[in-house]
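Heads up, target-v5.csv below (CSV, C-alpha atoms and all ligand atoms):
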chain,number,residue,atom,x,y,z
E,272,MET,CA,20.3,58.2,36.4
E,273,SER,CA,17.7,56.3,38.4
E,274,ASP,CA,16.5,58.3,41.4
E,275,PRO,CA,18.2,56.7,44.4
E,276,SER,CA,16.0,58.5,46.9
E,277,ASN,CA,13.2,56.1,46.4
E,278,ASN,CA,13.3,53.1,48.8
E,279,GLN,CA,11.3,50.9,46.6
E,280,LYS,CA,12.5,50.0,43.1
E,281,SER,CA,13.0,53.4,41.5
E,282,ARG,CA,10.2,54.4,39.3
E,283,SER,CA,11.8,57.7,38.1
E,284,PHE,CA,14.1,57.8,35.1
E,285,ARG,CA,15.8,60.3,32.8
E,286,VAL,CA,15.7,59.7,29.0
E,287,THR,CA,17.3,61.8,26.3
E,288,GLY,CA,14.7,62.3,23.6
E,289,LEU,CA,16.1,62.6,20.0
E,290,PRO,CA,13.2,63.3,17.6
E,291,GLY,CA,15.6,63.8,14.6
E,292,ASP,CA,14.3,64.2,11.0
E,293,GLY,CA,11.4,63.3,8.7
E,294,ILE,CA,8.8,61.3,10.5
E,295,GLY,CA,11.1,61.1,13.5
E,296,PRO,CA,9.4,63.9,15.4
E,297,GLU,CA,5.9,62.4,14.7
E,298,VAL,CA,6.7,59.0,16.1
E,299,TYR,CA,8.7,60.5,18.9
E,300,GLU,CA,5.6,62.6,19.9
E,301,SER,CA,3.7,59.3,20.0
E,302,ALA,CA,6.2,57.8,22.4
E,303,CYS,CA,6.0,60.9,24.6
E,304,SER,CA,2.3,60.6,24.7
E,305,VAL,CA,2.3,56.9,25.6
E,306,LEU,CA,5.0,57.5,28.3
E,307,SER,CA,2.9,60.2,29.9
E,308,ALA,CA,-0.1,57.8,29.9
E,309,MET,CA,2.1,55.3,31.7
E,310,GLU,CA,2.8,57.8,34.4
E,311,GLU,CA,-1.0,57.8,35.2
E,312,THR,CA,-1.5,54.0,34.7
E,313,HIS,CA,1.7,52.6,36.1
E,314,GLY,CA,3.2,55.4,38.1
E,315,LEU,CA,6.2,55.5,35.8
E,316,GLN,CA,8.1,58.8,35.8
E,317,VAL,CA,10.2,59.3,32.7
E,318,LYS,CA,11.7,62.8,32.4
E,319,LEU,CA,12.4,63.4,28.8
E,320,ASP,CA,15.3,65.8,28.0
E,321,GLU,CA,14.9,66.7,24.3
E,322,GLN,CA,18.1,67.2,22.2
E,323,LEU,CA,19.2,67.6,18.6
E,324,ILE,CA,20.6,64.9,16.3
E,325,GLY,CA,21.0,64.3,12.6
E,326,GLY,CA,19.9,66.9,10.0
E,327,ALA,CA,18.0,69.0,12.5
E,328,ALA,CA,21.2,69.3,14.5
E,329,ILE,CA,23.2,70.1,11.4
E,330,ASP,CA,20.8,72.9,10.5
E,331,ALA,CA,20.9,74.3,14.1
E,332,THR,CA,24.5,73.9,15.0
E,333,GLY,CA,26.5,72.6,12.0
E,334,ASP,CA,27.1,69.3,13.8
E,335,PRO,CA,25.0,66.1,13.4
E,336,LEU,CA,25.8,65.1,17.1
E,337,PRO,CA,26.3,68.3,19.2
E,338,ALA,CA,28.3,68.0,22.4
E,339,GLU,CA,25.2,69.0,24.4
E,340,THR,CA,23.4,65.9,23.1
E,341,ILE,CA,26.3,63.7,24.1
E,342,GLU,CA,26.3,65.3,27.6
E,343,ALA,CA,22.5,64.8,28.0
E,344,CYS,CA,22.9,61.1,27.1
E,345,ARG,CA,25.6,60.7,29.7
E,346,ASN,CA,23.2,61.9,32.3
E,347,SER,CA,20.4,59.6,31.2
E,348,ASP,CA,19.3,56.0,31.7
E,349,ALA,CA,18.5,55.7,28.0
E,350,ALA,CA,18.0,57.6,24.7
E,351,LEU,CA,14.9,57.4,22.5
E,352,LEU,CA,15.5,58.3,18.8
E,353,GLY,CA,13.0,59.0,16.0
E,354,ALA,CA,15.0,58.9,12.8
E,355,VAL,CA,17.7,60.8,11.0
E,356,GLY,CA,18.3,61.8,7.4
E,357,GLY,CA,16.6,63.4,4.4
E,358,PRO,CA,17.2,64.5,0.8
E,359,GLN,CA,18.0,68.1,1.8
E,360,TRP,CA,21.3,66.8,3.3
E,361,ASP,CA,22.2,64.3,0.6
E,362,GLY,CA,24.7,66.5,-1.0
E,363,ASN,CA,26.5,67.3,2.3
E,364,PRO,CA,30.2,66.3,2.7
E,365,ALA,CA,30.7,63.0,4.7
E,366,HIS,CA,31.4,64.8,8.0
E,367,ARG,CA,28.1,66.7,7.8
E,368,ARG,CA,25.7,64.0,7.0
E,369,PRO,CA,22.8,63.2,9.4
E,370,GLU,CA,23.6,59.5,9.5
E,371,LEU,CA,26.9,60.4,11.1
E,372,GLY,CA,25.1,61.6,14.2
E,373,LEU,CA,23.7,58.1,14.6
E,374,LEU,CA,27.0,56.3,13.8
E,375,ARG,CA,28.9,58.6,16.3
E,376,ILE,CA,26.4,58.1,19.1
E,377,ARG,CA,26.8,54.3,18.6
E,378,ALA,CA,30.6,54.7,18.8
E,379,GLU,CA,30.6,57.2,21.6
E,380,PHE,CA,28.5,55.1,23.9
E,381,ASN,CA,30.0,51.7,22.8
E,382,LEU,CA,26.5,50.5,21.7
E,383,PHE,CA,28.0,47.3,20.2
E,384,CYS,CA,24.9,45.1,20.6
E,385,ASN,CA,22.0,45.8,18.4
E,386,LEU,CA,18.8,43.8,19.1
E,387,ARG,CA,16.2,43.6,16.4
E,388,PRO,CA,13.3,41.2,17.3
E,389,ILE,CA,11.3,39.8,14.5
E,390,VAL,CA,8.0,38.4,15.8
E,391,THR,CA,5.1,37.8,13.5
E,392,HIS,CA,1.6,38.3,14.7
E,393,PRO,CA,-1.4,36.3,13.3
E,394,SER,CA,-3.6,39.3,12.7
E,395,LEU,CA,-0.9,40.8,10.5
E,396,HIS,CA,0.0,37.7,8.4
E,397,GLY,CA,-2.0,39.0,5.5
E,398,PHE,CA,0.3,42.1,5.1
E,399,SER,CA,3.5,40.1,4.5
E,400,PRO,CA,4.4,39.3,0.9
E,401,LEU,CA,5.2,35.8,2.2
E,402,ARG,CA,2.9,32.8,2.2
E,403,GLU,CA,0.9,32.6,5.4
E,404,ASP,CA,2.0,29.1,6.3
E,405,ARG,CA,5.6,30.2,6.5
E,406,LEU,CA,4.8,33.0,9.0
E,407,ASN,CA,3.4,31.0,11.9
E,408,HIS,CA,5.6,30.9,15.0
E,409,VAL,CA,8.3,33.2,13.6
E,410,ASP,CA,10.1,34.6,16.7
E,411,LEU,CA,13.7,35.4,16.0
E,412,MET,CA,16.1,37.8,17.5
E,413,ILE,CA,18.7,39.4,15.2
E,414,VAL,CA,21.8,40.3,17.2
E,415,ARG,CA,23.8,42.7,15.0
E,416,GLU,CA,27.3,43.9,15.9
E,417,LEU,CA,27.0,47.7,15.7
E,418,THR,CA,30.3,49.4,16.3
E,419,GLY,CA,32.8,47.5,14.1
E,420,GLY,CA,33.2,46.2,10.5
E,421,SER,CA,33.1,48.3,7.4
E,422,TYR,CA,30.9,50.9,9.0
E,423,PHE,CA,33.8,52.0,11.2
E,424,GLY,CA,37.0,50.8,9.3
E,425,LYS,CA,39.4,53.2,7.5
E,426,LYS,CA,37.7,54.8,4.5
E,427,TRP,CA,39.1,56.8,1.6
E,428,ARG,CA,38.2,57.7,-2.0
E,429,ASN,CA,39.8,59.4,-4.9
E,430,ASP,CA,38.4,59.9,-8.4
E,431,ASP,CA,39.2,56.3,-9.5
E,432,GLU,CA,39.3,54.2,-6.3
E,433,ALA,CA,37.7,53.9,-3.0
E,434,GLU,CA,38.1,51.6,0.1
E,435,ASP,CA,36.1,50.7,3.2
E,436,VAL,CA,38.1,48.5,5.4
E,437,CYS,CA,36.2,45.7,7.3
E,438,ARG,CA,38.1,45.0,10.5
E,439,TYR,CA,37.2,43.1,13.6
E,440,THR,CA,39.1,42.3,16.8
E,441,ARG,CA,38.8,39.2,18.9
E,442,GLU,CA,37.4,41.2,21.8
E,443,GLU,CA,34.7,42.9,19.6
E,444,VAL,CA,33.5,39.5,18.4
E,445,ALA,CA,33.7,37.9,21.9
E,446,ARG,CA,31.6,40.6,23.6
E,447,VAL,CA,28.7,40.6,21.2
E,448,THR,CA,28.8,36.7,21.2
E,449,ARG,CA,28.5,36.8,25.0
E,450,ALA,CA,25.5,39.1,24.6
E,451,ALA,CA,23.9,36.7,22.1
E,452,GLY,CA,24.7,33.8,24.3
E,453,GLN,CA,22.9,35.4,27.2
E,454,ILE,CA,19.9,36.2,25.1
E,455,ALA,CA,19.8,32.6,23.7
E,456,GLN,CA,19.8,31.2,27.2
E,457,CYS,CA,16.5,33.1,27.9
E,458,ARG,CA,15.0,31.7,24.6
E,459,ASP,CA,15.4,28.4,22.7
E,460,LYS,CA,19.2,28.3,23.3
E,461,ARG,CA,20.1,28.2,19.5
E,462,ILE,CA,22.3,30.7,17.7
E,463,THR,CA,22.9,30.9,14.0
E,464,LEU,CA,26.1,32.7,13.2
E,465,VAL,CA,25.7,34.3,9.9
E,466,ASP,CA,28.9,35.1,7.9
E,467,LYS,CA,30.8,34.7,4.7
E,468,ALA,CA,33.6,32.5,6.0
E,469,ASN,CA,34.1,30.9,2.5
E,470,VAL,CA,35.5,34.3,1.3
E,471,LEU,CA,36.2,36.7,4.2
E,472,GLU,CA,39.0,36.6,6.8
E,473,THR,CA,36.9,38.6,9.2
E,474,SER,CA,34.2,35.9,9.0
E,475,ARG,CA,36.8,33.2,9.7
E,476,LEU,CA,37.9,35.2,12.8
E,477,TRP,CA,34.2,35.5,13.8
E,478,ARG,CA,33.7,31.7,13.5
E,479,ALA,CA,36.8,30.9,15.6
E,480,VAL,CA,36.1,33.4,18.4
E,481,ALA,CA,32.3,32.9,18.5
E,482,SER,CA,32.5,29.1,18.7
E,483,GLN,CA,35.1,29.3,21.4
E,484,VAL,CA,33.0,31.7,23.5
E,485,ILE,CA,29.9,29.6,23.2
E,486,GLU,CA,31.6,26.3,23.9
E,487,GLU,CA,33.4,27.6,26.9
E,488,GLU,CA,30.9,29.9,28.5
E,489,PHE,CA,27.5,28.8,27.2
E,490,PRO,CA,27.7,25.0,27.0
E,491,ASP,CA,23.9,24.8,27.0
E,492,VAL,CA,23.6,26.9,23.8
E,493,GLN,CA,23.9,25.3,20.3
E,494,MET,CA,25.5,27.3,17.6
E,495,GLU,CA,25.3,26.6,13.8
E,496,ASN,CA,27.1,28.5,11.0
E,497,MET,CA,25.4,29.8,7.9
E,498,TYR,CA,26.7,31.8,5.0
E,499,VAL,CA,24.9,35.1,4.6
E,500,ASP,CA,23.7,34.4,1.1
E,501,ALA,CA,22.0,31.2,2.3
E,502,ALA,CA,20.7,33.0,5.3
E,503,ALA,CA,19.0,35.6,3.1
E,504,MET,CA,17.2,32.7,1.4
E,505,HIS,CA,16.3,30.7,4.5
E,506,LEU,CA,14.8,33.8,6.1
E,507,LEU,CA,12.2,33.6,3.4
E,508,THR,CA,11.8,29.8,3.1
E,509,ARG,CA,11.8,28.8,6.7
E,510,PRO,CA,11.9,31.8,9.0
E,511,ALA,CA,10.3,30.0,11.9
E,512,ASP,CA,13.5,27.8,12.3
E,513,PHE,CA,15.6,30.6,13.6
E,514,ASP,CA,16.0,31.5,17.2
E,515,VAL,CA,19.0,34.0,17.6
E,516,MET,CA,20.8,35.2,14.5
E,517,LEU,CA,24.2,36.6,15.3
E,518,THR,CA,26.0,38.6,12.7
E,519,GLU,CA,28.4,41.5,11.8
E,520,ASN,CA,27.4,45.1,11.2
E,521,LEU,CA,26.6,45.3,7.5
E,522,PHE,CA,25.1,41.8,7.1
E,523,GLY,CA,22.9,42.6,10.1
E,524,ASP,CA,21.7,45.8,8.5
E,525,ILE,CA,20.7,44.1,5.3
E,526,LEU,CA,19.1,41.0,6.9
E,527,SER,CA,17.0,43.0,9.4
E,528,ASP,CA,15.4,45.0,6.6
E,529,GLU,CA,14.7,41.8,4.8
E,530,ALA,CA,13.3,40.1,7.9
E,531,SER,CA,11.0,43.1,8.6
E,532,MET,CA,8.9,42.0,5.6
E,533,LEU,CA,7.9,38.9,7.6
E,534,CYS,CA,6.0,41.1,10.0
E,535,GLY,CA,4.2,43.1,7.2
E,536,SER,CA,5.9,46.5,7.4
E,537,LEU,CA,9.1,48.1,8.3
E,538,GLY,CA,7.0,50.4,10.4
E,539,LEU,CA,6.5,47.7,13.0
E,540,LEU,CA,10.1,46.9,13.9
E,541,PRO,CA,11.8,48.2,17.1
E,542,SER,CA,15.4,48.1,18.0
E,543,ALA,CA,17.7,48.4,21.0
E,544,SER,CA,21.4,49.3,20.8
E,545,LEU,CA,23.1,48.4,24.1
E,546,ASN,CA,26.5,48.7,25.7
E,547,ASP,CA,27.8,46.8,28.8
E,548,GLU,CA,26.4,49.3,31.2
E,549,GLN,CA,22.6,49.0,30.6
E,550,PHE,CA,22.5,52.3,28.7
E,551,GLY,CA,20.7,51.9,25.5
E,552,LEU,CA,19.6,53.8,22.4
E,553,TYR,CA,16.1,52.8,21.3
E,554,GLU,CA,14.8,53.5,17.9
E,555,PRO,CA,12.5,52.2,15.2
E,556,VAL,CA,14.3,50.2,12.5
E,557,HIS,CA,12.6,52.4,9.8
E,558,GLY,CA,14.2,55.5,8.6
E,559,SER,CA,13.0,59.1,8.3
E,560,ALA,CA,10.6,58.5,5.4
E,561,PRO,CA,10.8,62.1,4.1
E,562,ASP,CA,8.1,61.3,1.5
E,563,ILE,CA,5.4,61.0,4.1
E,564,ALA,CA,6.8,63.3,6.8
E,565,GLY,CA,4.4,65.9,8.3
E,566,GLN,CA,1.3,64.2,7.0
E,567,GLY,CA,0.2,62.2,10.0
E,568,LYS,CA,0.7,58.9,8.2
E,569,ALA,CA,3.8,57.6,10.1
E,570,ASN,CA,3.3,54.2,11.7
E,571,PRO,CA,4.2,54.7,15.4
E,572,TYR,CA,4.2,51.0,16.4
E,573,ALA,CA,7.9,50.5,15.8
E,574,MET,CA,8.6,53.5,18.1
E,575,LEU,CA,6.2,52.3,20.7
E,576,LEU,CA,7.7,48.8,20.6
E,577,SER,CA,11.1,50.5,21.0
E,578,VAL,CA,9.7,52.2,24.1
E,579,ALA,CA,8.8,48.7,25.4
E,580,MET,CA,12.3,47.5,24.7
E,581,MET,CA,13.6,50.5,26.6
E,582,LEU,CA,11.4,49.7,29.6
E,583,ARG,CA,12.7,46.2,29.6
E,584,HIS,CA,16.4,46.5,28.9
E,585,SER,CA,17.5,49.9,30.4
E,586,LEU,CA,14.8,50.8,32.9
E,587,GLY,CA,14.2,47.4,34.4
E,588,CYS,CA,10.4,47.8,34.1
E,589,HIS,CA,9.5,44.4,32.8
E,590,GLY,CA,5.9,44.3,33.7
E,591,GLU,CA,5.3,47.7,32.1
E,592,ALA,CA,7.0,46.5,28.9
E,593,VAL,CA,4.7,43.5,28.7
E,594,ALA,CA,1.7,45.7,29.4
E,595,LEU,CA,2.5,48.1,26.6
E,596,GLU,CA,3.2,45.3,24.2
E,597,GLU,CA,-0.1,43.7,25.0
E,598,CYS,CA,-2.0,46.9,24.4
E,599,ILE,CA,-0.2,47.2,21.0
E,600,HIS,CA,-1.2,43.6,20.1
E,601,GLU,CA,-4.8,44.3,21.0
E,602,CYS,CA,-4.8,47.3,18.7
E,603,TRP,CA,-3.4,45.1,15.9
E,604,ASN,CA,-6.2,42.5,16.5
E,605,GLU,CA,-8.7,45.3,16.1
E,606,GLY,CA,-7.2,46.5,12.9
E,607,ILE,CA,-6.0,49.8,14.3
E,608,LEU,CA,-3.3,50.3,11.7
E,609,THR,CA,-1.7,53.1,9.7
E,610,LYS,CA,-1.9,53.7,6.0
E,611,ASP,CA,1.3,51.6,5.2
E,612,LEU,CA,-0.9,48.6,6.1
E,613,ARG,CA,-4.4,49.6,5.1
E,614,GLU,CA,-5.6,52.2,2.6
E,615,ASP,CA,-8.3,53.5,5.0
E,616,GLY,CA,-5.8,53.4,7.8
E,617,TYR,CA,-5.7,55.5,11.0
E,618,SER,CA,-3.5,58.5,11.5
E,619,THR,CA,-0.4,58.5,13.8
E,620,THR,CA,-2.3,60.4,16.5
E,621,GLU,CA,-5.3,58.1,16.2
E,622,VAL,CA,-3.2,55.0,16.7
E,623,THR,CA,-1.4,56.7,19.6
E,624,ALA,CA,-4.7,57.5,21.3
E,625,ALA,CA,-5.9,54.0,20.8
E,626,VAL,CA,-2.8,52.6,22.6
E,627,ARG,CA,-3.3,55.1,25.4
E,628,GLU,CA,-6.9,54.1,25.8
E,629,LYS,CA,-6.0,50.5,26.1
E,630,LEU,CA,-3.4,51.3,28.8
E,631,VAL,CA,-6.0,53.2,30.8
E,632,ALA,CA,-8.7,50.5,30.3
E,633,HIS,CA,-6.3,47.8,31.5
E,634,SER,CA,-5.3,49.8,34.5
E,635,LYS,CA,-8.9,50.0,35.6
E,636,SER,CA,-9.8,46.4,35.1
R,701,LIG,C1,19.9,51.2,10.5
R,701,LIG,C2,20.2,52.3,9.5
R,701,LIG,C3,21.5,52.9,9.7
R,701,LIG,C4,22.6,51.7,9.5
R,701,LIG,C5,21.9,54.1,8.8
R,701,LIG,C6,20.9,55.2,8.8
R,701,LIG,C7,23.3,54.6,9.0
R,701,LIG,O1,20.0,51.8,8.2
R,701,LIG,O2,20.0,51.6,11.7
R,701,LIG,O3,19.7,50.1,10.2
R,701,LIG,O4,22.9,51.4,8.4
R,701,LIG,O5,23.0,51.2,10.5
R,702,MN,MN,19.3,49.7,8.2
Kindly present the structure from the file in structure tokens form.
Amino acid sequence: MSDPSNNQKSRSFRVTGLPGDGIGPEVYESACSVLSAMEETHGLQVKLDEQLIGGAAIDATGDPLPAETIEACRNSDAALLGAVGGPQWDGNPAHRRPELGLLRIRAEFNLFCNLRPIVTHPSLHGFSPLREDRLNHVDLMIVRELTGGSYFGKKWRNDDEAEDVCRYTREEVARVTRAAGQIAQCRDKRITLVDKANVLETSRLWRAVASQVIEEEFPDVQMENMYVDAAAMHLLTRPADFDVMLTENLFGDILSDEASMLCGSLGLLPSASLNDEQFGLYEPVHGSAPDIAGQGKANPYAMLLSVAMMLRHSLGCHGEAVALEECIHECWNEGILTKDLREDGYSTTEVTAAVREKLVAHSKS
């Protein structure tokens, strides 16, 4: 919790650190290093309480989300997660899979609103498989519903059949639509609701509820509807036309990986998963990348941009968020990039050091 003993705006925060698996600990380390630099440069005090999640937690305790981790999050302003998963746990039964730690923390803390900003940057245009002229002015926010749909519906399987129920309630759709409406009001005031309403009943409920919420509570926001198959195409042909893209859990998962290619690498995409109480879980969109783990090749920018989102959305440190993002963009302009983007790329720790140096240089100027 924020320290109330400070008369000025509190500058002291508690964050649960969840390094996780694969490259998770490497990018987490980068976040810790940058946060400690921000203590010097901005007087920001973030006390990190490191806990287990995912495969690391299974190995240590048998449980992908131990009770101690949940307790630590309850006593924190935010949680910062590296990544979970890896081939060594692939054969595990469903209740002992690393991903379950992530799904359970989302459910436990009601993190229904997942924000995945997709912003292209001119100095990275060349890394996208898309034509350069399509990448200018891309600035879209994917708002993915995160605690409903087929991820959390009833599931079963026997040898011959399996089922994953996709279920949504009016309230689940309404609350994430409100979140999207508020975000749209701070942007270009346009929402594209992505669904499959020509086939799915859940999508028809989404359309009815979302349009009612927007009409009644956000009269200044425009909402259009788009089928998910068409949206997948338009993301590639005219990505700059989107402002806020609102969608259900599984569609949002798929579209956000697709959209990441506009920015050049999955290693650049941050995310925030929020509830109604300003608590958030912040994590890079990329996974645990076991193939490059432990080699110093991990791209830390998605994690560092997730730190910026944490500063903005859970800690209320807007100026600091902007300052960190500016340092990151400067590094991009100077070609300080990891090996996913250039063959002769920098290591994770070199990139981290460069971001730290920028923070220090700016604080002195
Ligand atoms: C994501 C990931 C997760 C998801 C997995 C690891 C369960 O792909 O955060 O996008 O599907 O939500
Ligand atoms: Mn995903």
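The shortest atom-to-atom distance to ligand MN 702 (chain R), with only C-alpha atoms and all ligand atoms taken into account, belongs to E:Leu373 out of E:Met494, E:Leu373, E:Val626, E:Ala327.
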> So, counting only C-alpha atoms, which residue among E:Ala592, E:Ala365, E:Val556, E:Leu411 is closest to Asp512 of chain E?
Replying inline: E:Leu411
> Could you state the separation of atom CA of Pro369 of chain E and atom C3 of ligand LIG 701 (chain R) in Å, given to one decimal place?
Replying inline: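 Those two atoms sit 10.4 Å apart.
Proximity to segment 567-584 of chain E at 7 Å, evaluated using all atoms listed in the file and with sequence-adjacent residues fewer than 5 positions away removed, yields Ile294, Glu297, Val298, Ser301, Ala302, Gly538, Leu539, Leu540, Pro541, Ser542, Ala543, Gln549, Tyr553, Glu554, Pro555, His589, Glu591, Ala592, Leu595, Glu596, Thr609, Lys610, Ser618 and Thr619 of chain E.
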>> Residues contacting ligand MN 702 (chain R) - anything with an atom at most 7 Å away, using all atoms listed in the file - can you give me those as a list of chain:residue names?
In response: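 Every residue with an atom at most 7 Å from ligand MN 702 (chain R) is listed here: E:Asp524, E:Ile525, E:Asp528, E:Val556.
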Around all of segment 588-601 of chain E's listed atoms, make the axis-aligned box with 4 Å on each side and tell me centre and edge lengths in Å to one decimal, as JSON.
{"center_x": 2.8, "center_y": 45.8, "center_z": 27.1, "size_x": 23.2, "size_y": 12.6, "size_z": 22.0}
> Do you know which residues are at most 9 Å from Leu545 of chain E counting all atoms listed in the file, after dropping those on the same chain fewer than 4 positions away, and could you put them as number ranges by chain?
Replying inline: E: 377, 380-386, 549-553, 584-585
> What is the atom CA of Thr448 of chain E-atom CA of Leu517 of chain E distance in Å, reported with one decimal?
Replying inline: 7.5 Å
> Of the candidates E:Pro400, E:Gly357, E:Pro490, E:Pro296, which shows the shortest atom-to-atom distance to ligand LIG 701 (chain R), using only C-alpha atoms and all ligand atoms?
Replying inline: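 When distances to ligand LIG 701 (chain R) are compared using only C-alpha atoms and all ligand atoms, the smallest one comes from E:Gly357.
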>> Rounded to one decimal, what separation in Å do you get between atom CA of Gly291 of chain E and atom CA of Val355 of chain E?
In response: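 Answer for the atom CA of Gly291 of chain E to atom CA of Val355 of chain E separation: 5.1 Å.
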> Excluding same-chain residues fewer than 4 positions from Lys460 of chain E, what lies within 9 Å of it counting all atoms listed in the file, as JSON, numbers by chain?
Replying inline: {"E": [452, 453, 454, 455, 456, 491, 492, 493, 494, 514, 515]}
Kindly write segment 405-425 of chain E with N, CA and C atoms to a file, as a compact mmCIF listing (two decimals), in the first residue's frame.
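The file below, decode_18.txt, is the result:
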# COMPACT_ATOMS: atom_id res chain seq x y z
N ARG E 405 2.39 1.80 -44.24
CA ARG E 405 1.23 1.42 -43.41
C ARG E 405 1.50 1.60 -41.92
N LEU E 406 2.74 1.84 -41.56
CA LEU E 406 3.10 1.86 -40.14
C LEU E 406 3.08 3.25 -39.51
N ASN E 407 3.03 4.28 -40.38
CA ASN E 407 3.02 5.63 -39.84
C ASN E 407 1.78 5.88 -39.01
N HIS E 408 1.95 6.55 -37.88
CA HIS E 408 0.84 6.98 -37.02
C HIS E 408 -0.01 5.83 -36.46
N VAL E 409 0.55 4.65 -36.34
CA VAL E 409 -0.20 3.57 -35.69
C VAL E 409 -0.12 3.80 -34.19
N ASP E 410 -1.27 3.96 -33.57
CA ASP E 410 -1.35 4.16 -32.12
C ASP E 410 -2.70 3.60 -31.68
N LEU E 411 -2.70 2.31 -31.38
CA LEU E 411 -3.97 1.72 -30.99
C LEU E 411 -3.85 1.04 -29.65
N MET E 412 -4.97 0.99 -28.94
CA MET E 412 -4.99 0.35 -27.64
C MET E 412 -5.93 -0.85 -27.72
N ILE E 413 -5.37 -2.03 -27.53
CA ILE E 413 -6.23 -3.21 -27.45
C ILE E 413 -6.71 -3.34 -26.01
N VAL E 414 -8.02 -3.37 -25.84
CA VAL E 414 -8.61 -3.62 -24.52
C VAL E 414 -9.20 -5.03 -24.57
N ARG E 415 -8.51 -5.93 -23.94
CA ARG E 415 -8.90 -7.35 -23.97
C ARG E 415 -9.56 -7.74 -22.65
N GLU E 416 -10.78 -8.30 -22.73
CA GLU E 416 -11.43 -8.82 -21.53
C GLU E 416 -10.60 -10.00 -21.07
N LEU E 417 -10.31 -10.09 -19.75
CA LEU E 417 -9.29 -11.05 -19.33
C LEU E 417 -9.75 -12.11 -18.34
N THR E 418 -10.97 -12.02 -17.85
CA THR E 418 -11.35 -13.01 -16.83
C THR E 418 -12.62 -13.79 -17.18
N GLY E 419 -12.99 -13.76 -18.47
CA GLY E 419 -14.19 -14.49 -18.87
C GLY E 419 -13.94 -15.29 -20.14
N GLY E 420 -15.03 -15.70 -20.78
CA GLY E 420 -14.94 -16.40 -22.05
C GLY E 420 -14.41 -17.82 -21.91
N SER E 421 -13.91 -18.35 -23.00
CA SER E 421 -13.55 -19.77 -23.03
C SER E 421 -12.35 -20.09 -22.13
N TYR E 422 -11.59 -19.07 -21.74
CA TYR E 422 -10.48 -19.32 -20.82
C TYR E 422 -10.98 -19.81 -19.47
N PHE E 423 -12.15 -19.30 -19.06
CA PHE E 423 -12.61 -19.58 -17.70
C PHE E 423 -13.93 -20.36 -17.65
N GLY E 424 -14.49 -20.71 -18.82
CA GLY E 424 -15.74 -21.46 -18.84
C GLY E 424 -15.50 -22.91 -18.43
N LYS E 425 -16.60 -23.64 -18.28
CA LYS E 425 -16.50 -25.06 -17.91
C LYS E 425 -15.71 -25.81 -18.99
